[in-house]
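Student: Take a look at this one; I'll ask things after.
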Amino acid sequence: MSATSIHRATTGISNGSQSLLHRTDDVSTTPDSGGESMSMDAQTDEDDEPSLEGGYDPDAVEARWQDRWVDEETYAYESDPKRDPNTVYAIDTPPPTVSGSLHMGHLYGHTLQDFAARFQRMADGDVLFPFGYDDNGIASERLTEKELDIRHQDYERREFQELCREVCTEYEAEFTEKMQGLGCSIDWSNTYKTIEPRVQRVSQLSFLDLYEKGREYRKKAPAIWCPECETAISQVEMEDDERHSHFNDIAFDIVGDGADRDEFIISTTRPELIPACVAVFVHPDDEDNQELVGETARVPIFGHEVPIIADDRVDMEKGSGVVMCCTFGDQNDIEWYQAYDLPLRVAIDESATMTDLAGDYEGLSTEEAREAIVEDLDDDGYLRDRWEITHAVGVHERCDTPVEFRVSKQWYVEILDHKEEYLEAGREMDWYPEKMFTRYKHWIEGLEWDWLISRQRDSGIPFPVWYCAECDHEIMAAKEDLPVDPLSDEPPVDSCPECGHDEFVVEEDVFDTWATSSLTPLINAGWDWDEADETFRMEKPELYPFDLRPQGHDIISFWLFHTVVKCYEHTGEVPFDATMINGHILDENREKMSKSKGNVVRPDRVLSEYPVDAVRFWAASAAVGDDFPYQEKDLRAGEKLLRKLWNASKLVDTLAPAEPGEPEEPAELEPIDRWLLAELDDAVDELTAQFEDYEFAKARDRLRTFFWNTFCDDYLEIAKGREDNPSTQYALRTAHRTFLELWAPFLPHVTEEIWQAVYAGGSATALDSIHTRDWPAPQGYEADLTAGETALEVIGALRRYKSEHQLPLNADLESVAVYGPIEGFEDAIQNVMHVQDLTVLETEPEVTTEVASIDLDYSTLGPKFGSKVGDIDAGLESGEYEIDRDADVLRVAGEELDDELFDVELERTYSGEGDMIETESAVVIVD
């Protein structure tokens with residue numbers, strides 16, 4: 001698919017804010033400075049060249065750069081099989097299910113992926129950041145049925161498949177437009193759909209390869225079944241849901257006279273399964289019911305007789321300790337059925353309707369039959385008790401329908417025998433955060449079923465299989481013919497190689513969607529069968545294994561585990577080096593968003609009110625893996641940062657106009673300027689490590705603090721009086737360029753706009769994007785960072801002193817004394833703050849430290865000391881107490897209080913001449 005065919009339409013979602021426009025507030029505005037409105041007093045033509053004139057207009061800027069990045073294929077990856085895999089960073093991106101519109105999880109998850117992609121592209125150069133759509137299977141079918149208000153059963157298979165393709169295509173176009181509106185650096189020339197022929201071929205090749213390796217089998221056996229979707233599902237698609245129900249105590253008669261009683265009680269929540277009862281079980285250690293073992297029971301109402309058997313899988317603590325086995329109610333029923341070769345009684349069909357085995361209840365739904373059978377049991381004297389309960393019910397995760405267990409012929413991938421290999425594969429990966437490996441581990445350890453991959457649906461990738469009509473021998477398609485559809489294609493043989501029969505039965509089932517989406521690393525690496533060499537090869541071998549698998553924690557058991565299974569079985573390798581697991585977005589009360597609660601936040605609304613870059617700033621506010629709340633204050637903080645960066649850039653451009661090329665370092669750097677560059681080196685080093693470890697929240701906060709507080713609020717104020725100094729001009733320009741590069745992964749639009757306006761010569765030339773530049777590296781500047789930081793504290797303190805005393809910032813201060821490490825920065829303090837005489841004190845000024853107050857924690861103090869609290873208060877009031885700072889205790893009224901019971905507020909008083917100002921690292925005396 002070409003980039004131009006999915007070009008972003010600028011008439012889609014609005015990406016800007018109506019509040020962050022055309023304001024030129026002073027760059028030293030503090031981050032907490034109000035929420036004042038910002039007027040729209042200027043308009044920017046989308047075709048204008050980038051410029052710092054006026055205010056920042058995100059509406060125009062963001063849409064313009066999104067279009068241009070796509071048009072010029074700024075983020076395109078060009079494969080070279082000879083390229084060193086270590087120089088390529090490949091992301092195995094999740095193909096979103098085409099089942100609706102963009103939600104906050106998409107917005108958040110894809111933005112995190114983009115942080116990694118943009119950083120790695122600048123750090124290493126070659127990045128594959130592809131995009132795909134999972135548009136086959138149950139999800140796309142249900143979307144089509146809902147969108148068109150139809151039922152798939154009312155259409156011929158081909159006709160319904162075409163309807164699915166049409167609906168999915170419309171949703172994919174909308175989804176593409178909105179994804180491009182997030183400013184993600186996706187390579188739109190590397191896209192795929194899980195239903196397209198190329199992917200169908202890969203999926204069918206996977207099936208054939210696993211079959212030939214003996215890792216797949218077809219078997220008639222009990223399977224988890226969804227009555228709503230009318231298909232078998234795998235264990236991973238079933239989840240527990242708390243539902244209201246009833247426990248029913250039902251009497252079963254004992255046939256014969258071998259026991260001392262005539263009946264026993266069974267407690268069950270599913271009386272509609274009674275017609276399917278084939279045995280009764282008790283635990284071997286259950287002394288109360290041991291006499292029943294070996295006897296025969298008569299099933300109430302239905303009258304058939306079943307054996308009573310001892311088995312240690314019975315839960316003696318549940319109900320009466322006597323359990324009926326029905327085919328099938330749960331996993332235990334299946335195990336008993338197989339272990340004791342019990343008969344099969346099918347009382348419920350594929351649509352959860354009672355069969356003829358249910359007699360008078362035939363044709364009722366399971367819920368209707370449940371109530372009718374309970375009523376009849378009561379009328380006939382078999383119902384002894386009934387009470388309400390809430391319990392966990394297994395439901396299909398896609399439709400919340402309680403599942404059944406039905407015997408049917410299905411295809412499976414054998415996984416239970418390789419659980420340890422899959423665990424070891426997980427251990428070989430780096431997990432971000434590391435705690436998520438535990439979820440993966442627990443899922444594998446709890447597996448009870450092989451992976452069922454066949455589905456009884458219409459829209460999906462067909463199994464490339466035919467069966468001999470005589471002996472049921474499996475006829476596999478030839479690899480060179482793939483993709484094939486047995487419903488329309490002929491088998492590769494004229495007669496059965498097993499028995500010679502010449503009639504065949506087609507396989508009508510399709511693959512589970514996860515059987516295909518689990519192949520995304522192989523799809524993107526171009527895995528295919530080389531007919532000439534009769535082996536599997538990759539068109540893009542430099543990509544595999546992929547560097548990163550990003551995804552949500554809710555699909556670890558779905559997508560991540562199945563990808564490990566498929567890729568490990570095909571290649572013998574782990575499919576990716578690292579996995580980054582993102583959390584979920586909660587509402588402002590930290591509750592899960594849901595339509596029923598009415599607390600869902602729509603991305604369209606958010607993106608219509610805030611700039612995309614502000615939303616991206618918010619997305620970096622939580623540690624990877626953590627669920628976190630959607631809070632408007634983080635978006636507003638992002639808006640303020642955009643304005644701060646824009647206005648700081650305008651000021652830097654005024655103080656140190658840009659020259660073509662890299663700035664040239666002067667022969668001598670002033671100490672304060674060298675200090676800034678050394679601090680910048682330190683920040684670059686720390687930020688690089690944080691990006692490499694996917695610690696985006698830490699990187700964002702570290703960068704914001706340094707940029708806003710140190711550079712804007714402190715250094716730029718110093719630079720305003722030194723604009724003619726070559727040392728300051730160099731430091732300003734170097735720091736500004738570096739800040740733009742460091743902010744680029746987080747804020748791609750505003751940084752591109754500023755970069756093009758100041759450094760790249762505008763939009764008339766071929767795009768020299770900031771996003772394809774090299775990531776900054778420390779330049780080796782050395783300075784006394786502690787002394788420089790203290791000097792800035794002193795300058796800030798003197799600035800506040802002048803403001804409080806209503807003095808102009810350029811007013812002279814006759815004498816200032818400083819106690820603190822400022823060596824080498826004395827001239828900077830004097831020049832910036834116009835200090836005539838600066839003295840560095842070797843000893844701290846005489847400052848008296850007194851206790852101003854002692855606050856007690858009465859909520860803990862009262863219960864512990866009772867009536868002594870009054871004496872303690874009196875002792876404090878009279879001053880008869882002792883604070884032992886070494887032991888962190890307060891001794892008063894004969895008692896000793898630990899430090900958690902009291903809080904001491906100290907007051908420091910300077911009795912010498914002049915005014916004392918204290919900072920974190922210094923004491924300043926202004927005389």
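Naming scheme: A, B, ... for chains in displayed order of the structure tokens; residues 1 onward per chain; ligands 1 onward as shown.
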If we count only C-alpha atoms and set the cut-off at 9 Å, which residues sit around A:Thr401, ignoring sequence neighbours fewer than 3 positions away in its own chain? Please answer as a ChimeraX atom specification.

Tutor: /A:226-229,394-398

Student: Near A:His391, counting only C-alpha atoms, which residues have an atom at most 10 Å away, once you skip same-chain residues fewer than 2 positions from it, shown as a list in words?

Tutor: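 The neighbour list is Asp240, Asp241, Glu242, Arg243, His244, Ser245, His246, Thr269, Glu388, Ile389, Val393 and Gly394 of chain A.
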
Student: Report the distance between atom CA of A:Val280 and atom CA of A:Cys325 in Å, rounded to one decimal place.

Tutor: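 Separating atom CA of A:Val280 from atom CA of A:Cys325 is a distance of 5.8 Å.
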
Student: Among stretch 296-492 of chain A, which ones does DSSP assign to strand (DSSP E or B) (computed from the backbone)? Answer as an MDAnalysis selection string.

Tutor: chainID A and resid 296:298 305:310 322:326 348 353:354 365 383:396 402 404:413 430:432 451:452 454:455 462 465:468 474:476

Student: Kindly indicate which residue among A:Phe437, A:Pro486, A:Gly824, A:Ala525 lies nearest to A:Asn190, using only C-alpha atoms for the distances.

Tutor: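 For A:Asn190, the nearest of the candidates is A:Ala525.
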
Student: List the spatial neighbours of A:Gly426 as a ChimeraX atom specification - criterion: any atom at most 12 Å away, only C-alpha atoms, same-chain residues fewer than 5 positions off excluded.

Tutor: /A:419-421,431,434,436-444,556,560-565,568,573-579

Student: Name the closest residue to A:Lys220 among the candidates A:Arg602, A:Arg142, A:Arg406, A:Arg800; distances are taken between atoms, counting only C-alpha atoms.

Tutor: A:Arg406

Student: Rank nothing, just name the residue among A:Lys640, A:His834, A:Arg121, A:Lys566 nearest to A:Glu216, using only C-alpha atoms.

Tutor: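 With only C-alpha atoms as the atom set, the closest residue is A:Lys566.
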
Student: Given only C-alpha atoms, how would the per-residue table for stretch 146-189 of chain A near stretch 453-457 of chain A read, listing every residue at most 12 Å away with its closest atom pair and distance in Å to one decimal, sorted by chain and number, as JSON lines?

Tutor:
```
{"residue": "A:His152", "atom": "CA", "partner": "A:Arg457", "partner_atom": "CA", "distance": 9.0}
{"residue": "A:Gln153", "atom": "CA", "partner": "A:Arg457", "partner_atom": "CA", "distance": 9.9}
{"residue": "A:Arg157", "atom": "CA", "partner": "A:Arg457", "partner_atom": "CA", "distance": 9.2}
{"residue": "A:Arg158", "atom": "CA", "partner": "A:Arg457", "partner_atom": "CA", "distance": 11.9}
{"residue": "A:Phe160", "atom": "CA", "partner": "A:Arg457", "partner_atom": "CA", "distance": 10.7}
{"residue": "A:Gln161", "atom": "CA", "partner": "A:Arg457", "partner_atom": "CA", "distance": 10.2}
```

Student: Could you save those same residues with N, CA and C atoms as a short mmCIF file (atom, residue, chain, number, x, y, z; two decimals), in the first residue's frame?

Tutor:
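Listed below is the output, out-v5.cif:
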```cif
data_model
loop_
_atom_site.label_atom_id
_atom_site.label_comp_id
_atom_site.auth_asym_id
_atom_site.auth_seq_id
_atom_site.Cartn_x
_atom_site.Cartn_y
_atom_site.Cartn_z
N HIS A 152 -25.33 -12.94 10.04
CA HIS A 152 -24.52 -13.63 9.03
C HIS A 152 -25.21 -14.88 8.51
N GLN A 153 -26.09 -15.48 9.33
CA GLN A 153 -26.78 -16.69 8.90
C GLN A 153 -27.71 -16.44 7.71
N ARG A 157 -22.05 -17.46 2.25
CA ARG A 157 -20.75 -17.19 2.86
C ARG A 157 -19.97 -16.13 2.10
N ARG A 158 -19.86 -16.28 0.78
CA ARG A 158 -19.10 -15.32 -0.02
C ARG A 158 -19.70 -13.92 0.09
N PHE A 160 -21.50 -12.64 2.53
CA PHE A 160 -21.25 -12.05 3.83
C PHE A 160 -19.78 -11.63 3.98
N GLN A 161 -18.86 -12.42 3.43
CA GLN A 161 -17.45 -12.06 3.47
C GLN A 161 -17.21 -10.72 2.78
#
```

Student: Might you pull out every residue within 10 Å of A:Phe131, with only C-alpha atoms counted and same-chain residues fewer than 4 positions away left off, and present them as a list in words?

Tutor: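 Once the adjacent positions are removed, what remains is Ile91, Asp92, Thr93, Pro94, Pro95, Pro96, Thr176, Met179, Ile186, Asp187, Trp188, Ser189, Asn190, Thr191, Tyr192, Lys193 and Asn524 of chain A.
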
Student: Okay, now the selection with all heavy atoms, as a tab-separated table (two decimals), in the first residue's frame?

Tutor:
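As a result, selection-v1.tsv now contains:
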```
chain	number	residue	atom	x	y	z
A	91	ILE	N	10.00	-2.70	15.31
A	91	ILE	CA	8.91	-2.74	16.28
A	91	ILE	C	7.81	-3.66	15.75
A	91	ILE	O	7.31	-3.46	14.64
A	91	ILE	CB	8.34	-1.34	16.54
A	91	ILE	CG1	9.45	-0.38	16.99
A	91	ILE	CG2	7.24	-1.39	17.60
A	91	ILE	CD1	8.98	1.04	17.18
A	92	ASP	N	7.44	-4.64	16.53
A	92	ASP	CA	6.36	-5.56	16.18
A	92	ASP	C	5.05	-4.96	16.69
A	92	ASP	O	4.56	-5.32	17.76
A	92	ASP	CB	6.62	-6.93	16.79
A	92	ASP	CG	5.54	-7.94	16.42
A	92	ASP	OD1	4.92	-7.77	15.37
A	92	ASP	OD2	5.34	-8.89	17.20
A	93	THR	N	4.49	-4.03	15.93
A	93	THR	CA	3.34	-3.27	16.40
A	93	THR	C	2.06	-4.10	16.41
A	93	THR	O	1.86	-4.93	15.53
A	93	THR	CB	3.11	-2.02	15.53
A	93	THR	OG1	3.10	-2.43	14.16
A	93	THR	CG2	4.22	-1.02	15.74
A	94	PRO	N	1.18	-3.86	17.38
A	94	PRO	CA	-0.07	-4.61	17.44
A	94	PRO	C	-1.04	-4.16	16.35
A	94	PRO	O	-1.32	-2.96	16.23
A	94	PRO	CB	-0.62	-4.27	18.83
A	94	PRO	CG	0.00	-2.96	19.17
A	94	PRO	CD	1.33	-2.92	18.51
A	95	PRO	N	-1.58	-5.09	15.54
A	95	PRO	CA	-2.62	-4.70	14.58
A	95	PRO	C	-3.94	-4.55	15.32
A	95	PRO	O	-4.47	-5.53	15.86
A	95	PRO	CB	-2.65	-5.88	13.61
A	95	PRO	CG	-2.17	-7.05	14.40
A	95	PRO	CD	-1.23	-6.52	15.43
A	96	PRO	N	-4.50	-3.34	15.40
A	96	PRO	CA	-5.75	-3.18	16.14
A	96	PRO	C	-6.89	-3.94	15.48
A	96	PRO	O	-6.98	-4.03	14.26
A	96	PRO	CB	-5.99	-1.67	16.10
A	96	PRO	CG	-5.25	-1.19	14.90
A	96	PRO	CD	-4.05	-2.07	14.79
A	176	THR	N	-7.03	4.93	9.94
A	176	THR	CA	-5.76	5.43	9.41
A	176	THR	C	-5.67	6.93	9.55
A	176	THR	O	-4.65	7.49	9.99
A	176	THR	CB	-5.61	5.04	7.93
A	176	THR	OG1	-5.57	3.62	7.83
A	176	THR	CG2	-4.34	5.63	7.33
A	179	MET	N	-5.11	7.79	13.15
A	179	MET	CA	-3.77	7.43	13.60
A	179	MET	C	-2.75	8.43	13.08
A	179	MET	O	-1.83	8.84	13.79
A	179	MET	CB	-3.41	6.02	13.12
A	179	MET	CG	-4.06	4.90	13.92
A	179	MET	SD	-3.63	4.96	15.68
A	179	MET	CE	-1.85	4.85	15.57
A	186	ILE	N	4.80	6.37	11.96
A	186	ILE	CA	4.58	5.07	11.32
A	186	ILE	C	5.03	5.13	9.88
A	186	ILE	O	4.87	6.14	9.19
A	186	ILE	CB	3.09	4.69	11.43
A	186	ILE	CG1	2.72	4.39	12.89
A	186	ILE	CG2	2.73	3.53	10.51
A	186	ILE	CD1	1.24	4.32	13.14
A	187	ASP	N	5.59	4.02	9.41
A	187	ASP	CA	5.95	3.89	8.00
A	187	ASP	C	4.70	3.41	7.26
A	187	ASP	O	4.39	2.22	7.25
A	187	ASP	CB	7.10	2.89	7.84
A	187	ASP	CG	7.47	2.67	6.38
A	187	ASP	OD1	6.87	3.33	5.50
A	187	ASP	OD2	8.36	1.85	6.12
A	188	TRP	N	3.97	4.34	6.65
A	188	TRP	CA	2.71	3.99	6.01
A	188	TRP	C	2.89	3.25	4.69
A	188	TRP	O	1.91	2.84	4.06
A	188	TRP	CB	1.86	5.24	5.82
A	188	TRP	CG	1.38	5.78	7.14
A	188	TRP	CD1	1.88	6.86	7.81
A	188	TRP	CD2	0.34	5.24	7.96
A	188	TRP	NE1	1.22	7.02	9.00
A	188	TRP	CE2	0.26	6.05	9.12
A	188	TRP	CE3	-0.53	4.16	7.83
A	188	TRP	CZ2	-0.65	5.81	10.14
A	188	TRP	CZ3	-1.45	3.91	8.84
A	188	TRP	CH2	-1.50	4.73	9.98
A	189	SER	N	4.12	3.05	4.27
A	189	SER	CA	4.37	2.21	3.10
A	189	SER	C	4.56	0.76	3.53
A	189	SER	O	4.68	-0.13	2.69
A	189	SER	CB	5.60	2.70	2.33
A	189	SER	OG	6.77	2.59	3.13
A	190	ASN	N	4.62	0.51	4.84
A	190	ASN	CA	4.73	-0.85	5.38
A	190	ASN	C	3.48	-1.14	6.20
A	190	ASN	O	3.48	-1.04	7.43
A	190	ASN	CB	5.98	-0.98	6.25
A	190	ASN	CG	7.18	-1.46	5.46
A	190	ASN	OD1	7.19	-2.58	4.94
A	190	ASN	ND2	8.20	-0.61	5.37
A	191	THR	N	2.39	-1.47	5.51
A	191	THR	CA	1.15	-1.78	6.19
A	191	THR	C	0.64	-3.14	5.70
A	191	THR	O	1.07	-3.64	4.66
A	191	THR	CB	0.07	-0.72	5.91
A	191	THR	OG1	-0.22	-0.70	4.51
A	191	THR	CG2	0.52	0.66	6.35
A	192	TYR	N	-0.25	-3.71	6.46
A	192	TYR	CA	-0.82	-5.00	6.07
A	192	TYR	C	-2.19	-5.17	6.71
A	192	TYR	O	-2.54	-4.47	7.67
A	192	TYR	CB	0.09	-6.16	6.51
A	192	TYR	CG	0.24	-6.28	8.00
A	192	TYR	CD1	-0.61	-7.08	8.76
A	192	TYR	CD2	1.25	-5.59	8.68
A	192	TYR	CE1	-0.49	-7.17	10.13
A	192	TYR	CE2	1.38	-5.67	10.06
A	192	TYR	CZ	0.51	-6.46	10.77
A	192	TYR	OH	0.63	-6.54	12.14
A	193	LYS	N	-2.99	-6.09	6.13
A	193	LYS	CA	-4.25	-6.51	6.71
A	193	LYS	C	-4.18	-8.01	6.93
A	193	LYS	O	-3.63	-8.73	6.09
A	193	LYS	CB	-5.43	-6.18	5.79
A	193	LYS	CG	-5.59	-4.71	5.46
A	193	LYS	CD	-6.77	-4.51	4.51
A	193	LYS	CE	-6.95	-3.04	4.15
A	193	LYS	NZ	-8.12	-2.85	3.25
A	524	ASN	N	5.94	-9.25	8.88
A	524	ASN	CA	6.72	-8.05	8.59
A	524	ASN	C	8.14	-8.35	8.13
A	524	ASN	O	8.76	-7.54	7.43
A	524	ASN	CB	6.75	-7.14	9.82
A	524	ASN	CG	5.45	-6.40	10.02
A	524	ASN	OD1	4.99	-5.68	9.14
A	524	ASN	ND2	4.83	-6.58	11.18
```

Student: Counting only C-alpha atoms, which residue out of A:Gly721, A:Gly583, A:Gly914, A:Gly879 sits closest to A:Gln830?

Tutor: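 With only C-alpha atoms as the atom set, the closest residue is A:Gly721.
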
Student: Per DSSP on the backbone, what are the helix (DSSP H, G or I) residues of stretch 179-277 of chain A, as a list in words?

Tutor: Met179, Gln180, Pro197, Arg198, Val199, Gln200, Arg201, Val202, Ser203, Gln204, Leu205, Ser206, Phe207, Leu208, Asp209, Leu210, Tyr211, Glu212, Gln235, Val236, Glu237, Pro271, Glu272, Leu273, Ile274, Pro275 and Ala276 of chain A

Student: Create the file for the chosen residues now, containing N, CA and C atoms and written as an mmCIF file, in the first residue's frame.

Tutor:
```
data_model
loop_
_atom_site.group_PDB
_atom_site.id
_atom_site.type_symbol
_atom_site.label_atom_id
_atom_site.label_comp_id
_atom_site.auth_asym_id
_atom_site.auth_seq_id
_atom_site.Cartn_x
_atom_site.Cartn_y
_atom_site.Cartn_z
ATOM 1 N N MET A 179 -5.108 7.792 13.151
ATOM 2 C CA MET A 179 -3.766 7.430 13.600
ATOM 3 C C MET A 179 -2.749 8.434 13.082
ATOM 4 N N GLN A 180 -2.896 8.839 11.826
ATOM 5 C CA GLN A 180 -1.983 9.855 11.300
ATOM 6 C C GLN A 180 -2.175 11.176 12.027
ATOM 7 N N PRO A 197 -4.296 -11.380 0.800
ATOM 8 C CA PRO A 197 -3.725 -12.626 0.278
ATOM 9 C C PRO A 197 -2.318 -12.931 0.782
ATOM 10 N N ARG A 198 -1.464 -11.902 0.877
ATOM 11 C CA ARG A 198 -0.094 -12.143 1.339
ATOM 12 C C ARG A 198 -0.091 -12.708 2.752
ATOM 13 N N VAL A 199 -0.929 -12.149 3.602
ATOM 14 C CA VAL A 199 -0.989 -12.617 4.989
ATOM 15 C C VAL A 199 -1.694 -13.967 5.067
ATOM 16 N N GLN A 200 -2.690 -14.170 4.231
ATOM 17 C CA GLN A 200 -3.339 -15.485 4.195
ATOM 18 C C GLN A 200 -2.326 -16.571 3.853
ATOM 19 N N ARG A 201 -1.429 -16.254 2.934
ATOM 20 C CA ARG A 201 -0.408 -17.238 2.563
ATOM 21 C C ARG A 201 0.487 -17.565 3.756
ATOM 22 N N VAL A 202 0.926 -16.542 4.465
ATOM 23 C CA VAL A 202 1.787 -16.765 5.626
ATOM 24 C C VAL A 202 1.052 -17.597 6.669
ATOM 25 N N SER A 203 -0.221 -17.284 6.905
ATOM 26 C CA SER A 203 -0.990 -17.998 7.909
ATOM 27 C C SER A 203 -1.171 -19.465 7.533
ATOM 28 N N GLN A 204 -1.462 -19.725 6.263
ATOM 29 C CA GLN A 204 -1.627 -21.111 5.823
ATOM 30 C C GLN A 204 -0.293 -21.854 5.794
ATOM 31 N N LEU A 205 0.785 -21.148 5.471
ATOM 32 C CA LEU A 205 2.112 -21.768 5.550
ATOM 33 C C LEU A 205 2.424 -22.182 6.981
ATOM 34 N N SER A 206 2.059 -21.338 7.919
ATOM 35 C CA SER A 206 2.272 -21.652 9.332
ATOM 36 C C SER A 206 1.540 -22.927 9.701
ATOM 37 N N PHE A 207 0.298 -23.027 9.262
ATOM 38 C CA PHE A 207 -0.485 -24.230 9.556
ATOM 39 C C PHE A 207 0.184 -25.478 8.982
ATOM 40 N N LEU A 208 0.613 -25.404 7.723
ATOM 41 C CA LEU A 208 1.234 -26.570 7.088
ATOM 42 C C LEU A 208 2.545 -26.947 7.763
ATOM 43 N N ASP A 209 3.332 -25.937 8.137
ATOM 44 C CA ASP A 209 4.623 -26.213 8.767
ATOM 45 C C ASP A 209 4.425 -26.897 10.117
ATOM 46 N N LEU A 210 3.510 -26.393 10.917
ATOM 47 C CA LEU A 210 3.256 -27.012 12.223
ATOM 48 C C LEU A 210 2.669 -28.415 12.062
ATOM 49 N N TYR A 211 1.844 -28.620 11.051
ATOM 50 C CA TYR A 211 1.279 -29.944 10.792
ATOM 51 C C TYR A 211 2.388 -30.936 10.442
ATOM 52 N N GLU A 212 3.299 -30.498 9.569
ATOM 53 C CA GLU A 212 4.396 -31.388 9.156
ATOM 54 C C GLU A 212 5.344 -31.682 10.312
ATOM 55 N N GLN A 235 -9.053 -21.404 25.183
ATOM 56 C CA GLN A 235 -9.056 -21.083 26.611
ATOM 57 C C GLN A 235 -8.772 -19.611 26.855
ATOM 58 N N VAL A 236 -7.928 -19.033 26.025
ATOM 59 C CA VAL A 236 -7.533 -17.647 26.225
ATOM 60 C C VAL A 236 -8.694 -16.685 25.992
ATOM 61 N N GLU A 237 -9.727 -17.121 25.250
ATOM 62 C CA GLU A 237 -10.858 -16.248 24.951
ATOM 63 C C GLU A 237 -11.963 -16.352 25.994
ATOM 64 N N PRO A 271 -29.314 -26.875 37.014
ATOM 65 C CA PRO A 271 -30.250 -28.005 36.948
ATOM 66 C C PRO A 271 -30.648 -28.370 35.524
ATOM 67 N N GLU A 272 -30.468 -27.455 34.566
ATOM 68 C CA GLU A 272 -30.802 -27.781 33.173
ATOM 69 C C GLU A 272 -29.882 -28.840 32.585
ATOM 70 N N LEU A 273 -28.770 -29.149 33.276
ATOM 71 C CA LEU A 273 -27.857 -30.187 32.806
ATOM 72 C C LEU A 273 -28.239 -31.580 33.318
ATOM 73 N N ILE A 274 -29.262 -31.685 34.146
ATOM 74 C CA ILE A 274 -29.650 -32.984 34.706
ATOM 75 C C ILE A 274 -29.904 -34.028 33.606
ATOM 76 N N PRO A 275 -30.579 -33.686 32.488
ATOM 77 C CA PRO A 275 -30.773 -34.723 31.453
ATOM 78 C C PRO A 275 -29.467 -35.226 30.856
ATOM 79 N N ALA A 276 -28.370 -34.485 31.023
ATOM 80 C CA ALA A 276 -27.072 -34.912 30.500
ATOM 81 C C ALA A 276 -26.232 -35.621 31.547
#
```

Student: Point out the residue among A:Leu669, A:Leu112, A:Met316, A:Ala760 with the least atom-to-atom distance to A:Gly625, counting only C-alpha atoms.

Tutor: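 Looking at the shortest contact to A:Gly625, the residue is A:Leu112.
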
Student: So, counting only C-alpha atoms, which residue among A:Ile150, A:Leu344, A:Val98, A:Ala478 is closest to A:Arg165?

Tutor: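 When distances to A:Arg165 are compared using only C-alpha atoms, the smallest one comes from A:Val98.
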
Student: Extract, using only C-alpha atoms, all DNA, RNA and protein residues at most 12 Å from A:Ala358, discarding same-chain residues fewer than 2 positions from it, and format them as JSON, numbers by chain.

Tutor: {"A": [271, 272, 273, 274, 275, 276, 277, 301, 302, 303, 304, 345, 346, 347, 348, 349, 353, 354, 355, 356, 360, 361, 362, 363, 364, 365, 366, 369, 370, 372, 373]}

Student: Based on the selection just made, write C-alpha atoms of those residues as a PDB file, in the first residue's frame.

Tutor:
```
ATOM      1  CA  PRO A 271     -30.250 -28.005  36.948  1.00  0.00           C
ATOM      2  CA  GLU A 272     -30.802 -27.781  33.173  1.00  0.00           C
ATOM      3  CA  LEU A 273     -27.857 -30.187  32.806  1.00  0.00           C
ATOM      4  CA  ILE A 274     -29.650 -32.984  34.706  1.00  0.00           C
ATOM      5  CA  PRO A 275     -30.773 -34.723  31.453  1.00  0.00           C
ATOM      6  CA  ALA A 276     -27.072 -34.912  30.500  1.00  0.00           C
ATOM      7  CA  CYS A 277     -26.063 -36.561  33.797  1.00  0.00           C
ATOM      8  CA  ILE A 301     -37.598 -36.341  36.533  1.00  0.00           C
ATOM      9  CA  PHE A 302     -35.725 -38.031  33.677  1.00  0.00           C
ATOM     10  CA  GLY A 303     -35.444 -41.440  35.365  1.00  0.00           C
ATOM     11  CA  HIS A 304     -32.246 -42.825  33.785  1.00  0.00           C
ATOM     12  CA  ARG A 345     -25.465 -37.245  26.430  1.00  0.00           C
ATOM     13  CA  VAL A 346     -25.876 -33.986  24.484  1.00  0.00           C
ATOM     14  CA  ALA A 347     -28.746 -32.043  26.037  1.00  0.00           C
ATOM     15  CA  ILE A 348     -27.717 -28.568  24.773  1.00  0.00           C
ATOM     16  CA  ASP A 349     -27.028 -27.698  21.130  1.00  0.00           C
ATOM     17  CA  THR A 353     -31.056 -24.626  23.091  1.00  0.00           C
ATOM     18  CA  MET A 354     -32.246 -27.849  24.744  1.00  0.00           C
ATOM     19  CA  THR A 355     -32.172 -30.918  22.473  1.00  0.00           C
ATOM     20  CA  ASP A 356     -34.602 -33.842  22.225  1.00  0.00           C
ATOM     21  CA  ASP A 360     -40.476 -31.964  27.458  1.00  0.00           C
ATOM     22  CA  TYR A 361     -37.933 -29.134  27.660  1.00  0.00           C
ATOM     23  CA  GLU A 362     -36.765 -29.507  24.058  1.00  0.00           C
ATOM     24  CA  GLY A 363     -36.505 -26.164  22.239  1.00  0.00           C
ATOM     25  CA  LEU A 364     -36.169 -24.067  25.392  1.00  0.00           C
ATOM     26  CA  SER A 365     -33.114 -21.914  25.978  1.00  0.00           C
ATOM     27  CA  THR A 366     -30.856 -23.035  28.816  1.00  0.00           C
ATOM     28  CA  ALA A 369     -35.142 -24.790  30.870  1.00  0.00           C
ATOM     29  CA  ARG A 370     -33.398 -24.038  34.155  1.00  0.00           C
ATOM     30  CA  ALA A 372     -38.889 -24.935  34.208  1.00  0.00           C
ATOM     31  CA  ILE A 373     -36.882 -27.888  35.549  1.00  0.00           C
TER      32      ILE A 373
END
```
